[in-house]
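Asks: Following this line is data06.csv, made up of CSV, C-alpha atoms and all ligand atoms:
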```csv
chain,number,residue,atom,x,y,z
G,1,MET,CA,11.3,36.4,-46.0
G,2,ARG,CA,11.1,38.5,-42.8
G,3,VAL,CA,14.1,38.2,-40.3
G,4,LEU,CA,13.9,39.6,-36.8
G,5,ILE,CA,17.3,40.3,-35.2
G,6,THR,CA,17.6,40.8,-31.4
G,7,GLY,CA,20.6,42.8,-30.0
G,8,ALA,CA,20.3,45.0,-33.1
G,9,THR,CA,22.5,47.7,-31.5
G,10,GLY,CA,25.3,45.2,-30.8
G,11,GLN,CA,28.4,44.4,-32.8
G,12,LEU,CA,27.0,41.4,-34.6
G,13,GLY,CA,23.4,42.5,-34.5
G,14,SER,CA,24.0,45.8,-36.3
G,15,GLU,CA,26.1,44.2,-39.0
G,16,LEU,CA,23.5,41.5,-39.5
G,17,CYS,CA,20.9,44.3,-40.1
G,18,THR,CA,23.1,45.7,-42.8
G,19,VAL,CA,24.0,42.4,-44.5
G,20,LEU,CA,20.5,40.9,-44.4
G,21,SER,CA,18.7,44.1,-45.5
G,22,GLU,CA,19.9,43.1,-49.0
G,23,GLY,CA,17.5,40.3,-49.9
G,24,PHE,CA,15.4,40.1,-46.7
G,25,GLU,CA,12.9,42.3,-44.8
G,26,VAL,CA,14.7,43.0,-41.5
G,27,VAL,CA,13.1,43.8,-38.2
G,28,ALA,CA,15.7,45.3,-35.9
G,29,ALA,CA,14.9,44.6,-32.3
G,30,THR,CA,16.8,46.5,-29.7
G,31,ARG,CA,16.3,46.4,-25.9
G,32,GLN,CA,13.7,49.2,-26.4
G,33,GLU,CA,11.4,46.9,-28.4
G,34,PHE,CA,11.7,44.1,-25.7
G,35,ASP,CA,14.0,42.8,-23.0
G,36,ILE,CA,14.7,39.1,-23.8
G,37,THR,CA,14.4,38.2,-20.1
G,38,ASP,CA,10.7,39.1,-20.2
G,39,LEU,CA,8.9,36.3,-21.9
G,40,GLU,CA,5.6,38.1,-22.3
G,41,ALA,CA,7.3,41.1,-23.9
G,42,VAL,CA,9.2,38.8,-26.3
G,43,ARG,CA,6.0,37.0,-27.2
G,44,SER,CA,4.0,40.2,-27.7
G,45,PHE,CA,6.5,41.9,-30.0
G,46,ILE,CA,7.5,38.9,-32.0
G,47,THR,CA,3.9,37.7,-32.5
G,48,ARG,CA,3.0,41.1,-33.9
G,49,THR,CA,5.9,41.2,-36.4
G,50,GLU,CA,5.5,37.6,-37.6
G,51,PRO,CA,9.1,36.8,-38.6
G,52,ASP,CA,10.1,33.7,-40.6
G,53,VAL,CA,13.5,33.7,-39.0
G,54,ILE,CA,14.7,35.0,-35.6
G,55,ILE,CA,18.4,35.6,-35.0
G,56,ASN,CA,19.2,36.0,-31.3
G,57,THR,CA,22.4,38.0,-30.9
G,58,ALA,CA,21.3,39.7,-27.6
G,59,ALA,CA,23.5,38.6,-24.7
G,60,TYR,CA,25.2,39.8,-21.6
G,61,THR,CA,28.7,39.8,-23.2
G,62,ASN,CA,30.8,41.2,-20.3
G,63,VAL,CA,33.1,38.2,-19.5
G,64,ASP,CA,34.5,39.7,-16.3
G,65,GLY,CA,31.2,41.3,-15.4
G,66,SER,CA,29.6,37.8,-15.5
G,67,GLU,CA,31.8,36.7,-12.6
G,68,LEU,CA,30.5,39.6,-10.5
G,69,GLU,CA,26.9,39.5,-11.8
G,70,LYS,CA,26.5,35.8,-12.3
G,71,GLU,CA,22.7,35.8,-11.9
G,72,LYS,CA,22.3,38.6,-14.5
G,73,ALA,CA,24.5,36.7,-17.0
G,74,PHE,CA,22.4,33.5,-16.6
G,75,LEU,CA,19.2,35.5,-16.7
G,76,VAL,CA,20.1,37.0,-20.1
G,77,ASN,CA,22.2,34.3,-21.7
G,78,ALA,CA,20.2,31.3,-20.6
G,79,ILE,CA,16.7,32.3,-19.6
G,80,GLY,CA,16.6,35.1,-22.2
G,81,ALA,CA,17.8,32.8,-24.9
G,82,ARG,CA,15.2,30.2,-23.9
G,83,ASN,CA,12.4,32.9,-24.0
G,84,VAL,CA,13.3,33.7,-27.6
G,85,ALA,CA,13.4,30.0,-28.5
G,86,ILE,CA,9.9,29.4,-26.9
G,87,VAL,CA,8.4,32.2,-29.1
G,88,ALA,CA,10.3,30.9,-32.2
G,89,ARG,CA,8.7,27.5,-31.6
G,90,GLU,CA,5.3,28.9,-31.0
G,91,MET,CA,5.6,30.9,-34.3
G,92,GLY,CA,7.0,28.1,-36.3
G,93,ALA,CA,10.0,30.4,-37.1
G,94,LYS,CA,13.6,29.2,-37.8
G,95,LEU,CA,15.9,30.3,-35.0
G,96,VAL,CA,19.6,31.2,-35.1
G,97,HIS,CA,21.2,31.5,-31.7
G,98,ILE,CA,24.7,32.8,-31.1
G,99,SER,CA,27.0,31.1,-28.6
G,100,THR,CA,30.7,31.2,-27.8
G,101,ASP,CA,34.2,29.6,-28.0
G,102,TYR,CA,34.3,30.1,-24.2
G,103,VAL,CA,32.2,27.0,-23.7
G,104,PHE,CA,35.6,25.1,-23.8
G,105,ASP,CA,38.2,25.0,-21.1
G,106,GLY,CA,41.2,25.5,-23.4
G,107,GLU,CA,43.0,22.3,-22.4
G,108,LYS,CA,42.9,20.7,-25.9
G,109,GLY,CA,46.1,21.2,-27.8
G,110,GLU,CA,44.3,21.6,-31.1
G,111,PRO,CA,41.2,23.3,-32.5
G,112,TYR,CA,37.9,22.3,-31.0
G,113,VAL,CA,35.2,20.6,-33.1
G,114,GLU,CA,31.5,20.5,-32.4
G,115,TYR,CA,31.7,17.0,-30.9
G,116,ASP,CA,34.3,18.0,-28.3
G,117,PRO,CA,32.8,18.1,-24.8
G,118,PRO,CA,32.3,21.6,-23.5
G,119,HIS,CA,33.6,22.6,-20.1
G,120,PRO,CA,33.6,26.3,-19.4
G,121,VAL,CA,36.1,27.9,-17.0
G,122,ASN,CA,34.1,31.0,-16.3
G,123,ALA,CA,30.5,32.1,-15.5
G,124,TYR,CA,30.0,33.7,-18.9
G,125,GLY,CA,30.9,30.4,-20.6
G,126,TRP,CA,28.6,28.5,-18.3
G,127,SER,CA,25.7,30.9,-18.9
G,128,LYS,CA,26.1,30.6,-22.7
G,129,LEU,CA,26.4,26.8,-22.5
G,130,VAL,CA,23.2,26.6,-20.4
G,131,GLY,CA,21.7,28.9,-23.0
G,132,GLU,CA,22.6,26.4,-25.8
G,133,TRP,CA,20.9,23.6,-23.8
G,134,MET,CA,17.7,25.6,-23.1
G,135,VAL,CA,17.4,26.8,-26.7
G,136,ARG,CA,17.9,23.2,-28.0
G,137,GLU,CA,15.2,21.9,-25.7
G,138,GLN,CA,12.6,24.3,-27.1
G,139,ASN,CA,13.1,24.3,-30.8
G,140,VAL,CA,14.4,21.8,-33.2
G,141,ARG,CA,14.4,24.3,-36.1
G,142,THR,CA,17.5,25.9,-34.6
G,143,PHE,CA,21.0,26.8,-35.7
G,144,ILE,CA,23.4,27.3,-32.8
G,145,LEU,CA,26.5,29.1,-34.0
G,146,ARG,CA,29.6,29.4,-31.8
G,147,VAL,CA,31.5,32.5,-32.7
G,148,ALA,CA,34.7,33.9,-31.1
G,149,TRP,CA,36.8,37.1,-30.6
G,150,LEU,CA,34.3,39.2,-32.6
G,151,TYR,CA,35.2,42.7,-33.9
G,152,GLY,CA,33.5,45.1,-36.2
G,153,PRO,CA,32.9,48.8,-36.7
G,154,LYS,CA,30.2,49.1,-34.0
G,155,GLY,CA,30.6,48.7,-30.2
G,156,LYS,CA,33.7,47.8,-28.2
G,157,ASN,CA,36.2,45.2,-29.3
G,158,PHE,CA,39.9,44.3,-29.1
G,159,VAL,CA,40.8,46.0,-32.4
G,160,LYS,CA,39.3,49.3,-31.4
G,161,THR,CA,40.8,49.1,-27.9
G,162,MET,CA,44.3,48.5,-29.3
G,163,LEU,CA,44.0,51.5,-31.7
G,164,LYS,CA,42.7,53.7,-28.9
G,165,LEU,CA,45.5,52.6,-26.5
G,166,ALA,CA,48.1,53.4,-29.2
G,167,ARG,CA,47.0,57.1,-29.0
G,168,GLU,CA,47.1,57.2,-25.2
G,169,ARG,CA,50.1,55.1,-24.1
G,170,ASP,CA,53.8,54.5,-24.6
G,171,GLU,CA,53.5,50.9,-23.8
G,172,ILE,CA,50.8,48.3,-24.4
G,173,ARG,CA,50.9,44.9,-22.6
G,174,VAL,CA,49.0,42.1,-24.2
G,175,VAL,CA,48.6,38.4,-23.1
G,176,SER,CA,50.5,35.9,-25.2
G,177,ASP,CA,49.1,32.7,-23.6
G,178,GLN,CA,45.5,32.9,-24.9
G,179,ARG,CA,44.9,31.6,-28.3
G,180,GLY,CA,41.7,32.0,-30.3
G,181,THR,CA,40.4,33.2,-33.7
G,182,PRO,CA,39.6,36.9,-34.4
G,183,THR,CA,36.4,36.9,-36.4
G,184,PHE,CA,34.9,39.8,-38.3
G,185,VAL,CA,31.1,40.3,-37.7
G,186,GLY,CA,30.4,40.7,-41.4
G,187,ASP,CA,31.8,37.3,-42.2
G,188,VAL,CA,29.5,35.7,-39.6
G,189,ALA,CA,26.6,37.7,-41.0
G,190,ARG,CA,27.2,36.4,-44.5
G,191,GLN,CA,27.6,32.8,-43.2
G,192,ILE,CA,24.2,33.2,-41.4
G,193,LYS,CA,22.7,34.6,-44.5
G,194,LEU,CA,23.7,31.4,-46.3
G,195,LEU,CA,22.6,29.0,-43.5
G,196,ILE,CA,19.1,30.4,-43.0
G,197,GLY,CA,18.2,29.5,-46.6
G,198,THR,CA,18.8,25.9,-45.7
G,199,GLU,CA,17.1,23.3,-43.3
G,200,GLY,CA,20.5,22.3,-42.0
G,201,TYR,CA,19.7,22.9,-38.3
G,202,GLY,CA,22.2,22.0,-35.6
G,203,LEU,CA,25.3,23.1,-33.8
G,204,TYR,CA,28.0,24.9,-35.8
G,205,HIS,CA,31.4,26.4,-35.1
G,206,CYS,CA,31.6,29.6,-37.1
G,207,THR,CA,34.8,31.5,-36.8
G,208,SER,CA,37.5,32.7,-39.2
G,209,GLN,CA,40.2,30.2,-40.3
G,210,GLY,CA,43.4,30.0,-38.4
G,211,GLY,CA,44.3,31.2,-34.9
G,212,CYS,CA,46.7,33.4,-33.0
G,213,THR,CA,47.4,34.6,-29.5
G,214,ARG,CA,46.1,38.0,-28.3
G,215,TYR,CA,49.6,39.3,-28.7
G,216,GLU,CA,49.9,38.1,-32.3
G,217,PHE,CA,46.5,39.6,-33.0
G,218,ALA,CA,47.7,43.0,-31.6
G,219,ARG,CA,50.8,42.9,-33.8
G,220,GLU,CA,48.7,42.2,-36.9
G,221,ILE,CA,46.3,45.0,-35.9
G,222,PHE,CA,49.2,47.5,-35.8
G,223,ARG,CA,50.7,46.1,-39.0
G,224,CYS,CA,47.4,46.6,-40.8
G,225,ALA,CA,47.1,50.1,-39.3
G,226,GLY,CA,50.4,51.1,-40.8
G,227,TYR,CA,53.0,50.6,-38.1
G,228,GLY,CA,56.4,49.2,-38.7
G,229,GLU,CA,58.2,47.0,-36.2
G,230,GLU,CA,61.5,46.7,-34.5
G,231,THR,CA,62.0,43.7,-32.2
G,232,SER,CA,63.8,44.1,-28.9
G,233,PRO,CA,66.0,41.5,-27.2
G,234,ASP,CA,63.5,41.3,-24.3
G,235,GLY,CA,60.8,39.9,-26.6
G,236,SER,CA,58.8,43.1,-27.0
G,237,VAL,CA,58.4,45.0,-30.2
G,238,LEU,CA,58.7,48.7,-30.9
G,239,LEU,CA,55.9,49.9,-33.1
G,240,ILE,CA,57.0,52.7,-35.4
G,241,PRO,CA,54.2,54.8,-36.8
G,242,ASP,CA,54.4,55.7,-40.5
G,243,THR,CA,53.1,59.2,-39.8
G,244,ARG,CA,55.2,62.1,-38.5
G,245,GLY,CA,54.1,63.5,-35.1
G,246,LEU,CA,53.1,60.2,-33.7
G,247,ARG,CA,55.4,58.5,-31.2
G,248,PRO,CA,56.6,54.9,-31.2
G,249,ILE,CA,54.9,52.4,-28.8
G,250,THR,CA,56.3,49.4,-27.1
G,251,LEU,CA,54.1,46.3,-27.4
G,252,ARG,CA,54.9,43.8,-24.7
G,253,PRO,CA,53.8,40.2,-24.4
G,254,VAL,CA,52.7,39.2,-20.9
G,255,THR,CA,51.2,36.1,-19.3
G,256,SER,CA,47.7,35.8,-18.0
G,257,ASP,CA,49.2,35.6,-14.5
G,258,GLU,CA,50.8,39.0,-15.0
G,259,PHE,CA,47.5,40.4,-16.2
G,260,PRO,CA,44.9,39.2,-13.7
G,261,THR,CA,41.2,39.5,-14.6
G,262,PRO,CA,38.1,38.5,-12.6
G,263,ALA,CA,37.3,35.8,-15.2
G,264,ARG,CA,39.7,33.1,-16.2
G,265,ARG,CA,40.0,32.7,-20.0
G,266,PRO,CA,40.7,29.4,-21.8
G,267,ALA,CA,44.3,29.1,-23.0
G,268,ASN,CA,43.2,27.7,-26.4
G,269,SER,CA,39.7,28.4,-27.8
G,270,VAL,CA,40.5,28.0,-31.5
G,271,LEU,CA,37.5,26.4,-33.2
G,272,GLU,CA,37.3,24.4,-36.4
G,273,ASN,CA,34.2,24.9,-38.5
G,274,PHE,CA,34.0,21.2,-38.9
G,275,MET,CA,30.2,20.8,-39.4
G,276,LEU,CA,30.1,23.7,-41.9
G,277,LYS,CA,33.1,22.1,-43.8
G,278,VAL,CA,31.6,18.6,-44.1
G,279,GLN,CA,28.6,20.1,-45.8
G,280,GLY,CA,30.6,22.3,-48.1
G,281,LEU,CA,29.0,25.4,-46.5
G,282,ASP,CA,32.0,27.1,-44.8
G,283,THR,CA,32.5,30.6,-46.2
G,284,MET,CA,34.6,32.0,-43.4
G,285,PRO,CA,37.9,33.6,-44.6
G,286,HIS,CA,41.3,33.6,-42.8
G,287,TRP,CA,41.3,36.0,-39.8
G,288,ALA,CA,44.3,38.0,-41.0
G,289,GLU,CA,42.8,38.5,-44.5
G,290,SER,CA,39.6,39.9,-43.0
G,291,LEU,CA,41.4,42.1,-40.6
G,292,SER,CA,43.4,43.7,-43.3
G,293,ALA,CA,40.3,44.2,-45.5
G,294,GLN,CA,38.3,45.7,-42.6
G,295,MET,CA,40.9,48.0,-41.0
G,296,GLY,CA,39.8,51.1,-43.1
G,297,ARG,CA,36.1,50.7,-42.1
G,298,ILE,CA,37.0,50.3,-38.4
G,299,LYS,CA,39.1,53.4,-38.4
G,300,GLU,CA,36.3,55.3,-40.1
G,301,ALA,CA,33.8,54.1,-37.5
G,302,MET,CA,36.2,55.3,-34.7
G,303,GLU,CA,36.4,58.7,-36.3
G,304,ASP,CA,32.7,58.9,-36.6
G,305,GLU,CA,32.4,58.0,-32.9
G,306,GLY,CA,34.5,61.0,-32.1
G,307,ALA,CA,37.8,59.3,-31.4
G,308,GLY,CA,39.5,62.0,-33.5
G,309,PRO,CA,41.5,61.3,-36.6
G,310,VAL,CA,42.8,57.7,-36.7
G,311,ARG,CA,45.6,57.2,-39.3
G,312,ARG,CA,44.6,55.3,-42.4
D,1,LIG,N1,32.1,39.8,-28.6
D,1,LIG,C1,32.7,38.6,-28.7
D,1,LIG,O1,33.9,38.6,-28.8
D,1,LIG,C2,32.0,37.3,-28.7
D,1,LIG,C3,32.7,36.1,-28.6
D,1,LIG,C4,32.0,34.9,-28.6
D,1,LIG,C5,30.6,34.9,-28.7
D,1,LIG,N2,29.9,36.1,-28.7
D,1,LIG,C6,28.5,36.1,-28.7
D,1,LIG,O2,28.1,36.7,-29.9
D,1,LIG,C7,26.8,37.4,-29.7
D,1,LIG,C8,26.9,38.9,-30.2
D,1,LIG,O3,28.0,39.5,-29.5
D,1,LIG,P1,28.3,41.0,-29.7
D,1,LIG,O4,29.7,41.2,-29.4
D,1,LIG,O5,27.6,41.5,-30.9
D,1,LIG,O6,27.5,41.6,-28.4
D,1,LIG,P2,27.3,43.1,-28.0
D,1,LIG,O7,28.0,44.1,-28.9
D,1,LIG,O8,27.6,43.2,-26.5
D,1,LIG,O9,25.7,43.3,-28.2
D,1,LIG,C9,24.8,42.7,-27.3
D,1,LIG,C10,23.5,43.2,-27.6
D,1,LIG,O10,22.5,42.5,-26.8
D,1,LIG,C11,21.7,43.5,-26.2
D,1,LIG,N3,21.1,43.0,-25.0
D,1,LIG,C12,21.8,42.7,-23.8
D,1,LIG,N4,20.9,42.3,-22.9
D,1,LIG,C13,19.7,42.4,-23.4
D,1,LIG,C14,18.4,42.1,-23.0
D,1,LIG,N5,18.2,41.6,-21.7
D,1,LIG,N6,17.3,42.2,-23.8
D,1,LIG,C15,17.5,42.7,-25.1
D,1,LIG,N7,18.7,43.0,-25.6
D,1,LIG,C16,19.8,42.8,-24.8
D,1,LIG,C17,22.5,44.7,-26.0
D,1,LIG,O11,21.7,45.9,-25.9
D,1,LIG,P3,22.2,47.1,-25.1
D,1,LIG,O12,23.2,47.8,-26.0
D,1,LIG,O13,21.0,47.9,-24.9
D,1,LIG,O14,22.8,46.6,-23.8
D,1,LIG,C18,23.3,44.7,-27.3
D,1,LIG,O15,22.6,45.3,-28.4
D,1,LIG,C19,26.5,37.2,-28.3
D,1,LIG,O16,25.6,36.1,-28.1
D,1,LIG,C20,27.8,36.9,-27.6
D,1,LIG,O17,27.6,36.1,-26.5
D,1,LIG,C21,30.6,37.3,-28.7
```
Could you quickly redo this structure as structure tokens?
Ligand SMILES: NC(=O)c1ccc[n+]([C@@H]2O[C@H](COP(=O)([O-])OP(=O)(O)OC[C@H]3O[C@@H](n4cnc5c(N)ncnc54)[C@H](OP(=O)(O)O)[C@@H]3O)[C@@H](O)[C@H]2O)c1
Replies:
Amino acid sequence: MRVLITGATGQLGSELCTVLSEGFEVVAATRQEFDITDLEAVRSFITRTEPDVIINTAAYTNVDGSELEKEKAFLVNAIGARNVAIVAREMGAKLVHISTDYVFDGEKGEPYVEYDPPHPVNAYGWSKLVGEWMVREQNVRTFILRVAWLYGPKGKNFVKTMLKLARERDEIRVVSDQRGTPTFVGDVARQIKLLIGTEGYGLYHCTSQGGCTRYEFAREIFRCAGYGEETSPDGSVLLIPDTRGLRPITLRPVTSDEFPTPARRPANSVLENFMLKVQGLDTMPHWAESLSAQMGRIKEAMEDEGAGPVRR
């Protein structure tokens, strides 16, 4: 079976190429092969490569940038996604399309399931939601997977940002009023590998189990990276490195109001993989378990990228 992956240089796309190359013939499509906003270019390349399955991870993923470049976000995340879906339909290929937890407004006090009504609070969320609609209109042989808070060895993500800041700053401020589920790209890739062997098309939530705030996520990142903790009366924690020569860092919880960004984020975007669970297909592990298991690989990737030695 031949699987074409768009966004192959991205966090999820690159990991999918690795995971699926065991057992499948992988065609890695980067922006150089085609721009998903150009229907003729998408059609020309995909028709030539004749995939059985197309996985669309390509997206405009800059959440704050989407407020400032709204048209670009919609062009890539809605029109681009539609273009890939049109060609998948024409080819008779299965399609996996990746969406986001940011389709929800965060007002629900518990995890969101697939039958909760979406209501995005920012332009990125709307562009991804319209992408879901457009993809669904084109192609019934489609899996739409909503993922969240992705991290992995490639590209930019919260885990790498925290480890980088720890080398540069004495104090790191992280919001403690946004709750979601950190999700390792390799776990999503393995879940996709399982799904594409089925005919179980539809909408799926696909995140790790459990949830945490960004601040709790940061604490767990530093714990896994080998820092000890001392709590302060003001609610912050002092992170104590386990290696001589490195200085302690204060990790301070702040509210979203204290940390203004161009795009509003939902206060709660924890998802439940309800539709995977009812079919007995959910393979996603707990977020903290994955983080602990992947920390070594992420540090290695940072060293390879030239970040200098990162303590193991
Ligand atoms: N990151 C998260 O926390 C998160 C959370 C929820 C949902 N998601 C969704 O998960 C998917 C994967 O995210 P990710 O973090 O792996 O993204 P990423 O690392 O930002 O990678 C996105 C990829 O898309 C490519 N791309 C962008 N515009 C393109 C275009 N017009 N034509 C062709 N390729 C284009 C990029 O290529 P260049 O490098 O050349 O720009 C890059 O390879 C996306 O659909 C995203 O919306 C992500």
Asks: Show me which residues line ligand LIG 1 (chain D), defined as having an atom within 9 Å of a ligand atom where all atoms listed in the file count, and present them as number ranges by chain.
Replies: G: 6-15, 29-38, 56-62, 72-73, 75-77, 80, 97-102, 124-125, 128, 145-152, 154-158, 182-183, 185
Asks: Could you turn the residues from that selection into a file that holds C-alpha atoms, as a CSV table (one decimal), in the frame of the given file?
Replies:
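Final file, result16.csv:
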```csv
chain,number,residue,atom,x,y,z
G,6,THR,CA,17.6,40.8,-31.4
G,7,GLY,CA,20.6,42.8,-30.0
G,8,ALA,CA,20.3,45.0,-33.1
G,9,THR,CA,22.5,47.7,-31.5
G,10,GLY,CA,25.3,45.2,-30.8
G,11,GLN,CA,28.4,44.4,-32.8
G,12,LEU,CA,27.0,41.4,-34.6
G,13,GLY,CA,23.4,42.5,-34.5
G,14,SER,CA,24.0,45.8,-36.3
G,15,GLU,CA,26.1,44.2,-39.0
G,29,ALA,CA,14.9,44.6,-32.3
G,30,THR,CA,16.8,46.5,-29.7
G,31,ARG,CA,16.3,46.4,-25.9
G,32,GLN,CA,13.7,49.2,-26.4
G,33,GLU,CA,11.4,46.9,-28.4
G,34,PHE,CA,11.7,44.1,-25.7
G,35,ASP,CA,14.0,42.8,-23.0
G,36,ILE,CA,14.7,39.1,-23.8
G,37,THR,CA,14.4,38.2,-20.1
G,38,ASP,CA,10.7,39.1,-20.2
G,56,ASN,CA,19.2,36.0,-31.3
G,57,THR,CA,22.4,38.0,-30.9
G,58,ALA,CA,21.3,39.7,-27.6
G,59,ALA,CA,23.5,38.6,-24.7
G,60,TYR,CA,25.2,39.8,-21.6
G,61,THR,CA,28.7,39.8,-23.2
G,62,ASN,CA,30.8,41.2,-20.3
G,72,LYS,CA,22.3,38.6,-14.5
G,73,ALA,CA,24.5,36.7,-17.0
G,75,LEU,CA,19.2,35.5,-16.7
G,76,VAL,CA,20.1,37.0,-20.1
G,77,ASN,CA,22.2,34.3,-21.7
G,80,GLY,CA,16.6,35.1,-22.2
G,97,HIS,CA,21.2,31.5,-31.7
G,98,ILE,CA,24.7,32.8,-31.1
G,99,SER,CA,27.0,31.1,-28.6
G,100,THR,CA,30.7,31.2,-27.8
G,101,ASP,CA,34.2,29.6,-28.0
G,102,TYR,CA,34.3,30.1,-24.2
G,124,TYR,CA,30.0,33.7,-18.9
G,125,GLY,CA,30.9,30.4,-20.6
G,128,LYS,CA,26.1,30.6,-22.7
G,145,LEU,CA,26.5,29.1,-34.0
G,146,ARG,CA,29.6,29.4,-31.8
G,147,VAL,CA,31.5,32.5,-32.7
G,148,ALA,CA,34.7,33.9,-31.1
G,149,TRP,CA,36.8,37.1,-30.6
G,150,LEU,CA,34.3,39.2,-32.6
G,151,TYR,CA,35.2,42.7,-33.9
G,152,GLY,CA,33.5,45.1,-36.2
G,154,LYS,CA,30.2,49.1,-34.0
G,155,GLY,CA,30.6,48.7,-30.2
G,156,LYS,CA,33.7,47.8,-28.2
G,157,ASN,CA,36.2,45.2,-29.3
G,158,PHE,CA,39.9,44.3,-29.1
G,182,PRO,CA,39.6,36.9,-34.4
G,183,THR,CA,36.4,36.9,-36.4
G,185,VAL,CA,31.1,40.3,-37.7
```
Asks: Give the answer as one residue: which of G:Arg167, G:Ser232, G:Gly306, G:Leu195 has the shortest atom-to-atom distance to Pro248 (chain G), using all atoms listed in the file?
Replies: G:Arg167
Asks: Can you tell me which residues surround Leu246 (chain G) at a distance of at most 10 Å, considering all atoms listed in the file, apart from same-chain residues fewer than 5 positions away, and format the answer as a ChimeraX atom specification?
Replies: /G:166-167,240-241,311
Asks: Counting only C-alpha atoms, what is within 7 Å of Gln178 (chain G), bar same-chain residues fewer than 5 positions away, as a list of chain:residue names?
Replies: G:Thr213, G:Arg214, G:Pro266, G:Ala267, G:Asn268
Asks: If you measure from CA of Ser21 (chain G) to CA of Asp52 (chain G), what distance in Å do you get, rounded to one decimal?
Replies: 14.4 Å
Asks: Please provide as a compact mmCIF listing (two decimals) with C-alpha atoms, in the coordinates of the input all residues within 8 Å of region 215-231 of chain G, with the sequence filter that same-chain residues fewer than 3 positions apart are discarded (counting only C-alpha atoms).
Replies:
```txt
# COMPACT_ATOMS: atom_id res chain seq x y z
CA VAL G 159 40.80 46.00 -32.40
CA MET G 162 44.30 48.50 -29.30
CA LEU G 163 44.00 51.50 -31.70
CA VAL G 174 49.00 42.10 -24.20
CA VAL G 175 48.60 38.40 -23.10
CA SER G 176 50.50 35.90 -25.20
CA PRO G 182 39.60 36.90 -34.40
CA CYS G 212 46.70 33.40 -33.00
CA GLY G 235 60.80 39.90 -26.60
CA SER G 236 58.80 43.10 -27.00
CA VAL G 237 58.40 45.00 -30.20
CA LEU G 238 58.70 48.70 -30.90
CA LEU G 239 55.90 49.90 -33.10
CA ILE G 240 57.00 52.70 -35.40
CA PRO G 241 54.20 54.80 -36.80
CA ASP G 242 54.40 55.70 -40.50
CA LEU G 251 54.10 46.30 -27.40
CA PRO G 253 53.80 40.20 -24.40
CA ALA G 288 44.30 38.00 -41.00
CA LEU G 291 41.40 42.10 -40.60
CA SER G 292 43.40 43.70 -43.30
CA MET G 295 40.90 48.00 -41.00
CA ARG G 311 45.60 57.20 -39.30
CA ARG G 312 44.60 55.30 -42.40
```
Asks: Rank G:Lys299, G:Arg141, G:Lys193, G:Arg173 by their smallest atom-to-atom distance to Val3 (chain G), using all atoms listed in the file, and report the top residue only.
Replies: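 Distance minimum relative to Val3 (chain G) lands on G:Lys193.
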Asks: Point out the residue among G:Thr161, G:Arg82, G:Leu95, G:Val63 with the least atom-to-atom distance to Trp126 (chain G), counting all atoms listed in the file.
Replies: G:Val63
Asks: Between CA of Thr47 (chain G) and CA of Ala93 (chain G), what is the distance in Å, rounded to a tenth?
Replies: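 Those two atoms sit 10.6 Å apart.
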Asks: Which residue out of G:Val188, G:Val270, G:Ala85, G:Met275 has the minimum interatomic distance to Arg43 (chain G) when only C-alpha atoms are used?
Replies: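 Answer, going by the shortest atom-to-atom distance: G:Ala85.
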Asks: For Val278 (chain G), please output as a PyMOL selection string all residues within 12 Å (counting all atoms listed in the file; exclusion window: fewer than 5 positions along the same chain).
Replies: chain G and resi 113-114+200+204-205+272-273
Asks: Those residues you just picked out, can you put them in a file as an mmCIF file, in the frame of the given file with C-alpha atoms?
Replies:
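This is the output file result.cif:
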```cif
data_model
loop_
_atom_site.group_PDB
_atom_site.id
_atom_site.type_symbol
_atom_site.label_atom_id
_atom_site.label_comp_id
_atom_site.auth_asym_id
_atom_site.auth_seq_id
_atom_site.Cartn_x
_atom_site.Cartn_y
_atom_site.Cartn_z
ATOM 1 C CA VAL G 113 35.200 20.600 -33.100
ATOM 2 C CA GLU G 114 31.500 20.500 -32.400
ATOM 3 C CA GLY G 200 20.500 22.300 -42.000
ATOM 4 C CA TYR G 204 28.000 24.900 -35.800
ATOM 5 C CA HIS G 205 31.400 26.400 -35.100
ATOM 6 C CA GLU G 272 37.300 24.400 -36.400
ATOM 7 C CA ASN G 273 34.200 24.900 -38.500
#
```
Asks: Complete the atom set of region 188-194 of chain G to N, CA and C atoms and return it as a short mmCIF file (atom, residue, chain, number, x, y, z; two decimals), keeping the file's coordinate frame.
Replies:
```
data_model
loop_
_atom_site.label_atom_id
_atom_site.label_comp_id
_atom_site.auth_asym_id
_atom_site.auth_seq_id
_atom_site.Cartn_x
_atom_site.Cartn_y
_atom_site.Cartn_z
N VAL G 188 30.56 36.55 -40.25
CA VAL G 188 29.50 35.70 -39.60
C VAL G 188 28.17 36.02 -40.17
N ALA G 189 27.90 37.30 -40.41
CA ALA G 189 26.60 37.70 -41.00
C ALA G 189 26.35 37.03 -42.32
N ARG G 190 27.39 37.00 -43.15
CA ARG G 190 27.20 36.40 -44.50
C ARG G 190 27.07 34.87 -44.37
N GLN G 191 27.75 34.26 -43.39
CA GLN G 191 27.60 32.80 -43.20
C GLN G 191 26.16 32.51 -42.72
N ILE G 192 25.63 33.36 -41.85
CA ILE G 192 24.20 33.20 -41.40
C ILE G 192 23.26 33.34 -42.53
N LYS G 193 23.54 34.32 -43.39
CA LYS G 193 22.70 34.60 -44.50
C LYS G 193 22.55 33.31 -45.42
N LEU G 194 23.67 32.63 -45.56
CA LEU G 194 23.70 31.40 -46.30
C LEU G 194 22.91 30.29 -45.61
#
```
